[in-house]
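Here's entry_4.cif, which has mmCIF, C-alpha atoms and all ligand atoms:
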```cif
data_start
loop_
_atom_site.group_PDB
_atom_site.id
_atom_site.type_symbol
_atom_site.label_atom_id
_atom_site.label_comp_id
_atom_site.auth_asym_id
_atom_site.auth_seq_id
_atom_site.Cartn_x
_atom_site.Cartn_y
_atom_site.Cartn_z
ATOM 1 C CA ALA E 1 0.000 0.000 0.000
ATOM 2 C CA LYS E 2 2.904 2.288 0.841
ATOM 3 C CA GLU E 3 4.517 1.666 -2.548
ATOM 4 C CA GLN E 4 1.255 2.314 -4.298
ATOM 5 C CA GLY E 5 0.724 5.550 -2.386
ATOM 6 C CA LYS E 6 4.120 6.772 -3.439
ATOM 7 C CA ALA E 7 3.506 5.911 -7.060
ATOM 8 C CA GLY E 8 0.130 7.692 -6.913
ATOM 9 C CA HIS E 9 1.773 10.742 -5.420
ATOM 10 C CA HIS E 10 4.387 10.761 -8.106
ATOM 11 C CA PHE E 11 1.783 10.435 -10.846
ATOM 12 C CA PHE E 12 -0.163 13.347 -9.401
ATOM 13 C CA GLU E 13 2.893 15.586 -9.295
ATOM 14 C CA THR E 14 3.773 14.751 -12.869
ATOM 15 C CA ALA E 15 0.258 15.572 -13.994
ATOM 16 C CA LEU E 16 0.395 18.918 -12.184
ATOM 17 C CA ASP E 17 3.759 19.673 -13.752
ATOM 18 C CA GLU E 18 2.382 18.950 -17.182
ATOM 19 C CA LEU E 19 -0.612 21.160 -16.537
ATOM 20 C CA ALA E 20 1.609 24.035 -15.408
ATOM 21 C CA GLN E 21 3.816 23.533 -18.434
ATOM 22 C CA HIS E 22 0.794 23.539 -20.751
ATOM 23 C CA ARG E 23 -0.383 26.805 -19.212
ATOM 24 C CA ARG E 24 3.025 28.403 -19.633
ATOM 25 C CA GLN E 25 3.112 27.320 -23.267
ATOM 26 C CA LEU E 26 -0.378 28.706 -23.868
ATOM 27 C CA GLU E 27 0.610 31.985 -22.253
ATOM 28 C CA THR E 28 3.685 32.214 -24.505
ATOM 29 C CA ASP E 29 1.475 31.498 -27.529
ATOM 30 C CA LEU E 30 -1.046 34.131 -26.401
ATOM 31 C CA ARG E 31 1.713 36.723 -26.187
ATOM 32 C CA ALA E 32 2.876 35.781 -29.682
ATOM 33 C CA ALA E 33 -0.696 36.063 -31.010
ATOM 34 C CA ILE E 34 -1.021 39.535 -29.473
ATOM 35 C CA ARG E 35 2.284 40.575 -31.018
ATOM 36 C CA ASP E 36 1.529 39.131 -34.467
ATOM 37 C CA GLY E 37 -2.154 40.010 -34.737
ATOM 38 C CA GLY E 38 -3.063 36.346 -34.484
ATOM 39 C CA PHE E 39 -6.747 36.707 -33.562
ATOM 40 C CA ASP E 40 -9.856 36.802 -35.720
ATOM 41 C CA LEU E 41 -13.302 38.231 -35.242
ATOM 42 C CA HIS E 42 -16.465 36.416 -36.188
ATOM 43 C CA PHE E 43 -19.780 38.236 -36.310
ATOM 44 C CA GLN E 44 -23.268 37.068 -35.417
ATOM 45 C CA PRO E 45 -26.331 39.070 -36.516
ATOM 46 C CA LEU E 46 -28.844 40.654 -34.136
ATOM 47 C CA TYR E 47 -32.327 40.972 -35.578
ATOM 48 C CA SER E 48 -35.177 43.260 -34.527
ATOM 49 C CA LEU E 49 -38.554 41.542 -34.480
ATOM 50 C CA THR E 50 -40.415 44.825 -34.107
ATOM 51 C CA GLU E 51 -38.645 46.527 -37.020
ATOM 52 C CA GLU E 52 -38.137 43.308 -38.991
ATOM 53 C CA ARG E 53 -34.562 44.148 -39.856
ATOM 54 C CA LEU E 54 -30.961 43.429 -38.983
ATOM 55 C CA THR E 55 -29.786 45.883 -36.364
ATOM 56 C CA ALA E 56 -26.249 44.830 -35.476
ATOM 57 C CA PHE E 57 -23.573 42.153 -35.440
ATOM 58 C CA GLU E 58 -21.887 40.910 -32.278
ATOM 59 C CA ALA E 59 -18.103 40.552 -32.524
ATOM 60 C CA LEU E 60 -16.869 37.220 -31.153
ATOM 61 C CA VAL E 61 -13.138 36.693 -30.861
ATOM 62 C CA ARG E 62 -11.429 33.559 -32.219
ATOM 63 C CA TRP E 63 -7.898 32.331 -31.768
ATOM 64 C CA PRO E 64 -6.597 30.197 -34.626
ATOM 65 C CA HIS E 65 -3.791 28.392 -32.793
ATOM 66 C CA PRO E 66 -0.880 26.975 -34.826
ATOM 67 C CA THR E 67 -1.227 23.449 -33.390
ATOM 68 C CA LEU E 68 -4.437 23.380 -31.338
ATOM 69 C CA GLY E 69 -6.720 24.655 -34.104
ATOM 70 C CA LEU E 70 -9.440 27.210 -33.473
ATOM 71 C CA VAL E 71 -9.482 27.968 -29.730
ATOM 72 C CA ALA E 72 -12.860 29.174 -28.414
ATOM 73 C CA PRO E 73 -12.963 32.328 -26.274
ATOM 74 C CA ASN E 74 -14.116 30.444 -23.191
ATOM 75 C CA ASP E 75 -10.902 28.411 -23.454
ATOM 76 C CA PHE E 76 -8.436 31.302 -23.495
ATOM 77 C CA ILE E 77 -10.121 34.392 -22.017
ATOM 78 C CA PRO E 78 -9.832 33.127 -18.416
ATOM 79 C CA LEU E 79 -6.081 32.587 -18.895
ATOM 80 C CA ALA E 80 -5.762 35.969 -20.615
ATOM 81 C CA GLU E 81 -7.512 37.567 -17.621
ATOM 82 C CA GLU E 82 -5.256 35.841 -15.092
ATOM 83 C CA THR E 83 -2.075 36.780 -16.915
ATOM 84 C CA GLY E 84 -3.078 40.386 -17.500
ATOM 85 C CA LEU E 85 -3.166 39.920 -21.277
ATOM 86 C CA MET E 86 -6.900 40.569 -21.689
ATOM 87 C CA THR E 87 -6.479 44.350 -21.790
ATOM 88 C CA GLN E 88 -4.401 44.094 -24.956
ATOM 89 C CA ILE E 89 -6.653 41.502 -26.577
ATOM 90 C CA GLY E 90 -9.714 43.560 -25.671
ATOM 91 C CA GLU E 91 -8.180 46.652 -27.189
ATOM 92 C CA TRP E 92 -7.468 44.807 -30.424
ATOM 93 C CA VAL E 93 -11.051 43.462 -30.475
ATOM 94 C CA MET E 94 -12.515 46.946 -29.959
ATOM 95 C CA ARG E 95 -10.400 48.552 -32.689
ATOM 96 C CA GLU E 96 -10.918 45.755 -35.182
ATOM 97 C CA ALA E 97 -14.672 45.569 -34.535
ATOM 98 C CA CYS E 98 -15.073 49.329 -35.057
ATOM 99 C CA ARG E 99 -12.868 49.226 -38.143
ATOM 100 C CA GLN E 100 -14.867 46.433 -39.788
ATOM 101 C CA ALA E 101 -18.238 47.943 -38.796
ATOM 102 C CA MET E 102 -17.308 51.131 -40.656
ATOM 103 C CA ALA E 103 -17.652 49.155 -43.904
ATOM 104 C CA TRP E 104 -21.243 48.065 -43.131
ATOM 105 C CA PRO E 105 -24.202 50.119 -44.320
ATOM 106 C CA GLU E 106 -25.713 52.524 -41.806
ATOM 107 C CA PRO E 107 -27.320 52.275 -39.328
ATOM 108 C CA LEU E 108 -25.961 48.777 -38.567
ATOM 109 C CA SER E 109 -24.180 48.645 -35.227
ATOM 110 C CA VAL E 110 -21.479 46.445 -33.792
ATOM 111 C CA ALA E 111 -21.725 44.883 -30.331
ATOM 112 C CA VAL E 112 -18.449 44.291 -28.488
ATOM 113 C CA ASN E 113 -18.062 42.129 -25.380
ATOM 114 C CA LEU E 114 -16.124 43.519 -22.442
ATOM 115 C CA SER E 115 -15.005 41.323 -19.582
ATOM 116 C CA SER E 116 -15.891 42.669 -16.135
ATOM 117 C CA LYS E 117 -12.260 43.244 -15.343
ATOM 118 C CA GLN E 118 -11.755 45.131 -18.592
ATOM 119 C CA PHE E 119 -14.871 47.237 -17.990
ATOM 120 C CA LEU E 120 -13.505 48.349 -14.638
ATOM 121 C CA THR E 121 -10.104 49.462 -15.965
ATOM 122 C CA PRO E 122 -9.778 53.237 -15.476
ATOM 123 C CA ALA E 123 -8.477 53.619 -19.042
ATOM 124 C CA LEU E 124 -11.506 51.938 -20.647
ATOM 125 C CA PRO E 125 -13.476 55.032 -21.761
ATOM 126 C CA ALA E 126 -10.323 56.533 -23.290
ATOM 127 C CA MET E 127 -9.621 53.263 -25.112
ATOM 128 C CA VAL E 128 -13.148 53.326 -26.578
ATOM 129 C CA VAL E 129 -12.806 56.982 -27.597
ATOM 130 C CA GLN E 130 -9.579 56.108 -29.380
ATOM 131 C CA ALA E 131 -11.047 53.112 -31.218
ATOM 132 C CA LEU E 132 -13.969 55.268 -32.376
ATOM 133 C CA ALA E 133 -11.654 58.047 -33.492
ATOM 134 C CA MET E 134 -9.292 55.715 -35.350
ATOM 135 C CA SER E 135 -12.128 54.020 -37.221
ATOM 136 C CA GLY E 136 -14.404 57.011 -37.686
ATOM 137 C CA LEU E 137 -17.342 54.911 -36.441
ATOM 138 C CA PRO E 138 -20.093 57.081 -34.917
ATOM 139 C CA PRO E 139 -20.517 56.188 -31.204
ATOM 140 C CA GLN E 140 -24.224 55.562 -31.859
ATOM 141 C CA ARG E 141 -23.208 52.518 -33.889
ATOM 142 C CA LEU E 142 -21.323 50.894 -31.004
ATOM 143 C CA GLU E 143 -22.893 48.749 -28.282
ATOM 144 C CA VAL E 144 -20.872 47.203 -25.492
ATOM 145 C CA GLU E 145 -21.932 44.054 -23.677
ATOM 146 C CA ILE E 146 -21.047 43.548 -20.055
ATOM 147 C CA THR E 147 -22.050 40.850 -17.608
ATOM 148 C CA GLU E 148 -23.422 40.848 -14.111
ATOM 149 C CA GLY E 149 -19.858 40.403 -12.847
ATOM 150 C CA VAL E 150 -19.515 44.204 -12.831
ATOM 151 C CA PHE E 151 -21.931 44.339 -9.893
ATOM 152 C CA ALA E 152 -19.294 42.729 -7.708
ATOM 153 C CA ALA E 153 -17.318 45.970 -7.927
ATOM 154 C CA ASN E 154 -17.835 49.294 -6.312
ATOM 155 C CA VAL E 155 -21.152 50.836 -7.418
ATOM 156 C CA ASP E 156 -19.690 54.310 -7.978
ATOM 157 C CA LYS E 157 -16.948 52.958 -10.218
ATOM 158 C CA THR E 158 -19.414 50.986 -12.359
ATOM 159 C CA LEU E 159 -21.787 53.956 -12.618
ATOM 160 C CA GLU E 160 -18.975 56.298 -13.572
ATOM 161 C CA THR E 161 -17.882 54.068 -16.451
ATOM 162 C CA LEU E 162 -21.473 53.488 -17.619
ATOM 163 C CA HIS E 163 -22.098 57.216 -17.674
ATOM 164 C CA ALA E 164 -18.805 57.966 -19.405
ATOM 165 C CA LEU E 165 -19.644 55.546 -22.238
ATOM 166 C CA GLN E 166 -23.264 56.623 -22.541
ATOM 167 C CA GLY E 167 -22.121 60.228 -22.506
ATOM 168 C CA LEU E 168 -20.240 59.424 -25.711
ATOM 169 C CA GLY E 169 -23.404 57.973 -27.248
ATOM 170 C CA VAL E 170 -22.352 54.330 -26.852
ATOM 171 C CA ARG E 171 -25.128 51.939 -25.774
ATOM 172 C CA ILE E 172 -24.769 49.346 -23.049
ATOM 173 C CA THR E 173 -26.206 45.849 -22.916
ATOM 174 C CA LEU E 174 -26.346 43.631 -19.855
ATOM 175 C CA ASP E 175 -25.364 40.203 -21.237
ATOM 176 C CA ASP E 176 -26.352 36.725 -19.960
ATOM 177 C CA PHE E 177 -29.195 38.293 -18.000
ATOM 178 C CA GLY E 178 -30.737 36.001 -15.421
ATOM 179 C CA THR E 179 -27.700 33.845 -14.705
ATOM 180 C CA GLY E 180 -25.936 36.095 -12.223
ATOM 181 C CA TYR E 181 -27.022 38.099 -9.265
ATOM 182 C CA THR E 182 -28.746 41.162 -10.651
ATOM 183 C CA SER E 183 -31.330 42.504 -8.275
ATOM 184 C CA LEU E 184 -34.217 44.696 -9.338
ATOM 185 C CA GLY E 185 -32.351 47.499 -7.584
ATOM 186 C CA HIS E 186 -29.424 47.101 -9.959
ATOM 187 C CA LEU E 187 -31.692 47.563 -12.956
ATOM 188 C CA ARG E 188 -33.037 50.813 -11.554
ATOM 189 C CA LEU E 189 -29.640 52.065 -10.489
ATOM 190 C CA PHE E 190 -27.654 51.224 -13.623
ATOM 191 C CA PRO E 191 -28.898 52.724 -16.879
ATOM 192 C CA PHE E 192 -28.702 49.777 -19.290
ATOM 193 C CA ASN E 193 -30.055 50.191 -22.793
ATOM 194 C CA LYS E 194 -30.667 46.504 -23.396
ATOM 195 C CA LEU E 195 -30.983 43.190 -21.569
ATOM 196 C CA LYS E 196 -29.770 40.055 -23.274
ATOM 197 C CA ILE E 197 -31.850 37.219 -21.928
ATOM 198 C CA ASP E 198 -29.482 34.300 -21.386
ATOM 199 C CA GLN E 199 -29.625 31.356 -23.763
ATOM 200 C CA SER E 200 -30.489 28.943 -20.969
ATOM 201 C CA PHE E 201 -33.972 30.485 -20.665
ATOM 202 C CA VAL E 202 -34.440 30.394 -24.419
ATOM 203 C CA HIS E 203 -33.393 26.739 -24.690
ATOM 204 C CA ASP E 204 -35.878 25.823 -21.972
ATOM 205 C CA LEU E 205 -38.736 27.389 -23.910
ATOM 206 C CA ALA E 206 -41.620 25.097 -24.678
ATOM 207 C CA PRO E 207 -45.220 25.982 -25.523
ATOM 208 C CA THR E 208 -46.065 25.195 -21.903
ATOM 209 C CA GLY E 209 -43.892 25.379 -18.812
ATOM 210 C CA ASN E 210 -42.461 28.134 -16.692
ATOM 211 C CA ALA E 211 -39.534 29.317 -18.854
ATOM 212 C CA HIS E 212 -42.284 31.027 -20.802
ATOM 213 C CA ALA E 213 -43.393 32.885 -17.658
ATOM 214 C CA VAL E 214 -39.795 33.916 -16.920
ATOM 215 C CA ILE E 215 -39.438 35.483 -20.382
ATOM 216 C CA ARG E 216 -42.749 37.290 -19.936
ATOM 217 C CA ALA E 217 -41.658 38.667 -16.562
ATOM 218 C CA ILE E 218 -38.307 39.887 -17.893
ATOM 219 C CA VAL E 219 -39.903 41.593 -20.901
ATOM 220 C CA THR E 220 -42.559 43.247 -18.735
ATOM 221 C CA LEU E 221 -39.978 44.487 -16.260
ATOM 222 C CA ALA E 222 -37.642 45.773 -18.984
ATOM 223 C CA ASP E 223 -40.528 47.526 -20.771
ATOM 224 C CA ALA E 224 -41.477 49.283 -17.555
ATOM 225 C CA LEU E 225 -37.905 50.484 -17.119
ATOM 226 C CA GLY E 226 -37.583 51.544 -20.762
ATOM 227 C CA ILE E 227 -34.959 48.891 -21.495
ATOM 228 C CA GLU E 228 -34.915 46.843 -24.718
ATOM 229 C CA THR E 229 -34.844 43.046 -24.623
ATOM 230 C CA LEU E 230 -32.971 40.593 -26.813
ATOM 231 C CA ALA E 231 -33.134 36.812 -26.542
ATOM 232 C CA GLU E 232 -29.913 34.973 -27.397
ATOM 233 C CA GLY E 233 -29.404 31.376 -28.459
ATOM 234 C CA VAL E 234 -32.597 31.160 -30.524
ATOM 235 C CA GLU E 235 -32.312 27.914 -32.459
ATOM 236 C CA GLU E 236 -35.880 26.879 -33.232
ATOM 237 C CA THR E 237 -38.936 28.455 -34.796
ATOM 238 C CA ALA E 238 -41.015 27.367 -31.799
ATOM 239 C CA GLN E 239 -38.762 29.458 -29.521
ATOM 240 C CA LEU E 240 -39.054 32.405 -31.880
ATOM 241 C CA ASP E 241 -42.860 32.153 -31.804
ATOM 242 C CA VAL E 242 -42.949 32.353 -28.015
ATOM 243 C CA LEU E 243 -40.514 35.280 -27.941
ATOM 244 C CA ARG E 244 -42.557 37.187 -30.509
ATOM 245 C CA GLN E 245 -45.748 36.489 -28.595
ATOM 246 C CA GLU E 246 -44.178 37.722 -25.345
ATOM 247 C CA GLY E 247 -43.041 40.979 -26.948
ATOM 248 C CA CYS E 248 -39.295 40.375 -26.897
ATOM 249 C CA GLN E 249 -37.881 42.963 -29.297
ATOM 250 C CA GLN E 250 -34.738 41.365 -30.693
ATOM 251 C CA ILE E 251 -33.283 37.921 -31.283
ATOM 252 C CA GLN E 252 -29.930 36.332 -31.982
ATOM 253 C CA GLY E 253 -29.061 32.689 -32.555
ATOM 254 C CA TYR E 254 -28.346 29.836 -34.914
ATOM 255 C CA LEU E 255 -31.898 30.058 -36.301
ATOM 256 C CA LEU E 256 -30.890 33.302 -37.991
ATOM 257 C CA SER E 257 -27.186 32.579 -38.398
ATOM 258 C CA ARG E 258 -24.136 31.160 -36.700
ATOM 259 C CA PRO E 259 -21.269 33.608 -36.181
ATOM 260 C CA ILE E 260 -19.650 34.240 -39.578
ATOM 261 C CA ALA E 261 -16.226 35.436 -40.707
ATOM 262 C CA GLY E 262 -15.760 39.182 -41.126
ATOM 263 C CA GLU E 263 -15.322 38.882 -44.897
ATOM 264 C CA ASP E 264 -18.733 37.187 -45.215
ATOM 265 C CA VAL E 265 -20.716 39.917 -43.447
ATOM 266 C CA ALA E 266 -21.274 42.053 -46.558
ATOM 267 C CA THR E 267 -22.732 39.077 -48.444
ATOM 268 C CA PHE E 268 -24.955 38.178 -45.501
ATOM 269 C CA ILE E 269 -26.351 41.716 -45.400
ATOM 270 C CA ARG E 270 -27.042 41.679 -49.139
ATOM 271 C CA GLU E 271 -28.808 38.316 -48.985
ATOM 272 C CA GLN E 272 -30.952 39.415 -46.029
ATOM 273 C CA ARG E 273 -32.079 42.455 -47.970
ATOM 274 C CA ALA E 274 -32.986 40.384 -50.987
ATOM 275 C CA ARG E 275 -35.296 38.192 -48.905
HETATM 276 P P1 LIG Q 1 -21.631 35.465 -25.159
HETATM 277 O O1 LIG Q 1 -21.250 36.888 -25.233
HETATM 278 O O2 LIG Q 1 -22.804 35.100 -24.330
HETATM 279 O O3 LIG Q 1 -21.795 35.002 -26.678
HETATM 280 C C1 LIG Q 1 -22.735 34.055 -27.110
HETATM 281 C C2 LIG Q 1 -22.092 32.710 -27.356
HETATM 282 O O4 LIG Q 1 -23.115 31.776 -27.741
HETATM 283 C C3 LIG Q 1 -21.090 32.689 -28.509
HETATM 284 O O5 LIG Q 1 -20.109 31.696 -28.215
HETATM 285 C C4 LIG Q 1 -21.959 32.258 -29.683
HETATM 286 O O6 LIG Q 1 -21.231 31.670 -30.737
HETATM 287 C C5 LIG Q 1 -22.879 31.262 -29.027
HETATM 288 N N1 LIG Q 1 -24.183 31.175 -29.705
HETATM 289 C C6 LIG Q 1 -24.773 32.077 -30.492
HETATM 290 N N2 LIG Q 1 -25.977 31.657 -30.923
HETATM 291 C C7 LIG Q 1 -26.151 30.431 -30.406
HETATM 292 C C8 LIG Q 1 -27.227 29.445 -30.500
HETATM 293 O O7 LIG Q 1 -28.240 29.635 -31.140
HETATM 294 N N3 LIG Q 1 -27.049 28.301 -29.800
HETATM 295 C C9 LIG Q 1 -25.938 28.042 -29.064
HETATM 296 N N4 LIG Q 1 -25.862 26.884 -28.437
HETATM 297 N N5 LIG Q 1 -24.905 28.934 -28.950
HETATM 298 C C10 LIG Q 1 -25.020 30.120 -29.617
HETATM 299 P P2 LIG Q 1 -18.553 31.999 -28.337
HETATM 300 O O8 LIG Q 1 -18.284 32.776 -29.597
HETATM 301 O O9 LIG Q 1 -17.843 30.709 -28.150
HETATM 302 O O10 LIG Q 1 -18.257 32.960 -27.129
HETATM 303 C C11 LIG Q 1 -18.369 32.521 -25.805
HETATM 304 C C12 LIG Q 1 -18.205 33.661 -24.826
HETATM 305 O O11 LIG Q 1 -16.877 34.197 -24.877
HETATM 306 C C13 LIG Q 1 -19.110 34.846 -25.125
HETATM 307 O O12 LIG Q 1 -20.399 34.572 -24.619
HETATM 308 C C14 LIG Q 1 -18.386 35.960 -24.390
HETATM 309 O O13 LIG Q 1 -18.702 35.942 -23.024
HETATM 310 C C15 LIG Q 1 -16.939 35.559 -24.564
HETATM 311 N N6 LIG Q 1 -16.348 36.385 -25.652
HETATM 312 C C16 LIG Q 1 -16.369 36.181 -26.979
HETATM 313 N N7 LIG Q 1 -15.689 37.147 -27.635
HETATM 314 C C17 LIG Q 1 -15.242 37.997 -26.679
HETATM 315 C C18 LIG Q 1 -14.467 39.214 -26.703
HETATM 316 O O14 LIG Q 1 -14.078 39.723 -27.762
HETATM 317 N N8 LIG Q 1 -14.206 39.807 -25.506
HETATM 318 C C19 LIG Q 1 -14.650 39.275 -24.328
HETATM 319 N N9 LIG Q 1 -14.365 39.930 -23.187
HETATM 320 N N10 LIG Q 1 -15.371 38.152 -24.269
HETATM 321 C C20 LIG Q 1 -15.658 37.527 -25.424
HETATM 322 CA CA CA Q 2 -22.208 38.758 -25.623
HETATM 323 CA CA CA Q 3 -24.655 36.066 -23.733
HETATM 324 CA CA CA Q 4 -22.469 33.581 -22.233
#
```

Would it be possible to restate this file's structure as structure tokens?
Amino acid sequence: AKEQGKAGHHFFETALDELAQHRRQLETDLRAAIRDGGFDLHFQPLYSLTEERLTAFEALVRWPHPTLGLVAPNDFIPLAEETGLMTQIGEWVMREACRQAMAWPEPLSVAVNLSSKQFLTPALPAMVVQALAMSGLPPQRLEVEITEGVFAANVDKTLETLHALQGLGVRITLDDFGTGYTSLGHLRLFPFNKLKIDQSFVHDLAPTGNAHAVIRAIVTLADALGIETLAEGVEETAQLDVLRQEGCQQIQGYLLSRPIAGEDVATFIREQRAR
């Protein structure tokens, strides 16, 4: 038993070593990608049910890794956050998203995700101002998406940043709504322009059942506060029907389109118009 214990211990240490080594390698590769412009943006359309038109595209970052293939954001953003590299990646995403959006017909907007940590950086409003100035994109055509994680920070700090961005004319969406710890008080206190109802509620939608009631409650509440609603992760017509019936204003999801490469956006817009 003693022998076995030792061997087990050894195995565990080796595994930990390998994990640490893998992380170090990934961090090195991330730094190289930042240096060499090794990221891509994909774009997923946002569609207004009330206006029956495309309103925006959400920028979603991709990392084509030399040996690992396409790495999804959920697989490298946490590491980028921990190693302090997210600020630089986020800056690239903001500039590139604004630059590409400038080529789309007006009034199409671009939605850019900001991690909570990134949102709370003192330099964030200045970074946004710079990206807008460099691209020439009107602030009215930029939306930023933040998550409920920002509520963990100091209220004054969050409010200050929200007001700074809105003062520029940039709109703010609360992403993944319903999964975190937003209280009704938060919604009154923080001036969001839009709530993105998390995909989990949308996937649970069935003609009967209480996910339906949850959507209705969110839409009613948002309407009363003058906030728009968008449902994400819409994959089926049946889900769309419920959302329409409950007065949700916008949708996003595979039903309309998966995220597409930047160079395919112009074609997508043209084809939508021809429909
Ligand atoms: P998110 O902002 O909630 O983005 C929605 C995610 O759901 C995207 O995954 C999208 O591809 C996926 N999705 C869209 N429609 C559907 C659908 O109908 N069904 C299903 N099952 N999934 C759908 P993705 O691109 O892997 O991004 C994951 C998360 O990574 C994002 O979640 C966002 O939190 C983060 N992220 C992506 N790009 C950026 C970025 O540039 N900056 C920051 N800070 N975070 C980013
Ligand atoms: Ca988002
Ligand atoms: Ca989301
Ligand atoms: Ca999410």

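Considering all atoms listed in the file, the residue among E:Ile218, E:Ala231, E:Val110, E:Leu46 positioned nearest to ligand CA 3 (chain Q) is E:Ala231.
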
Neighbours of ligand CA 4 (chain Q) at 9 Å or closer, counting only C-alpha atoms and all ligand atoms: which residues, as a PyMOL selection string? chain E and resi 74+147+175-176+198-199

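If you measure from each of E:Thr173, E:Thr158, E:Gln272, E:Gln130 to Ile227 in chain E using only C-alpha atoms, the closest one turns out to be E:Thr173.
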
Write out as a PyMOL selection string each polymer residue whose atoms come within 12 Å of Leu159 in chain E, counting all atoms listed in the file; drop sequence neighbours fewer than 5 positions from it. chain E and resi 119-120+150-151+153-154+164-167+172+186-192

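All residues of protein, DNA or RNA that reach within 12 Å of Arg53 in chain E, judged by only C-alpha atoms and not counting those fewer than 6 positions away in the chain, are Pro45, Leu46, Tyr47, Pro107, Leu108, Gln249, Gln250, Ile251, Leu256, Ile269, Gln272, Arg273, Ala274 and Arg275 of chain E.
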
Please identify all protein, DNA and RNA residues within 12 Å of ligand CA 3 (chain Q), counting all atoms listed in the file, and report them as a PyMOL selection string. chain E and resi 44+58-60+74+111-115+144-148+173-180+195-202+230-234+251-253
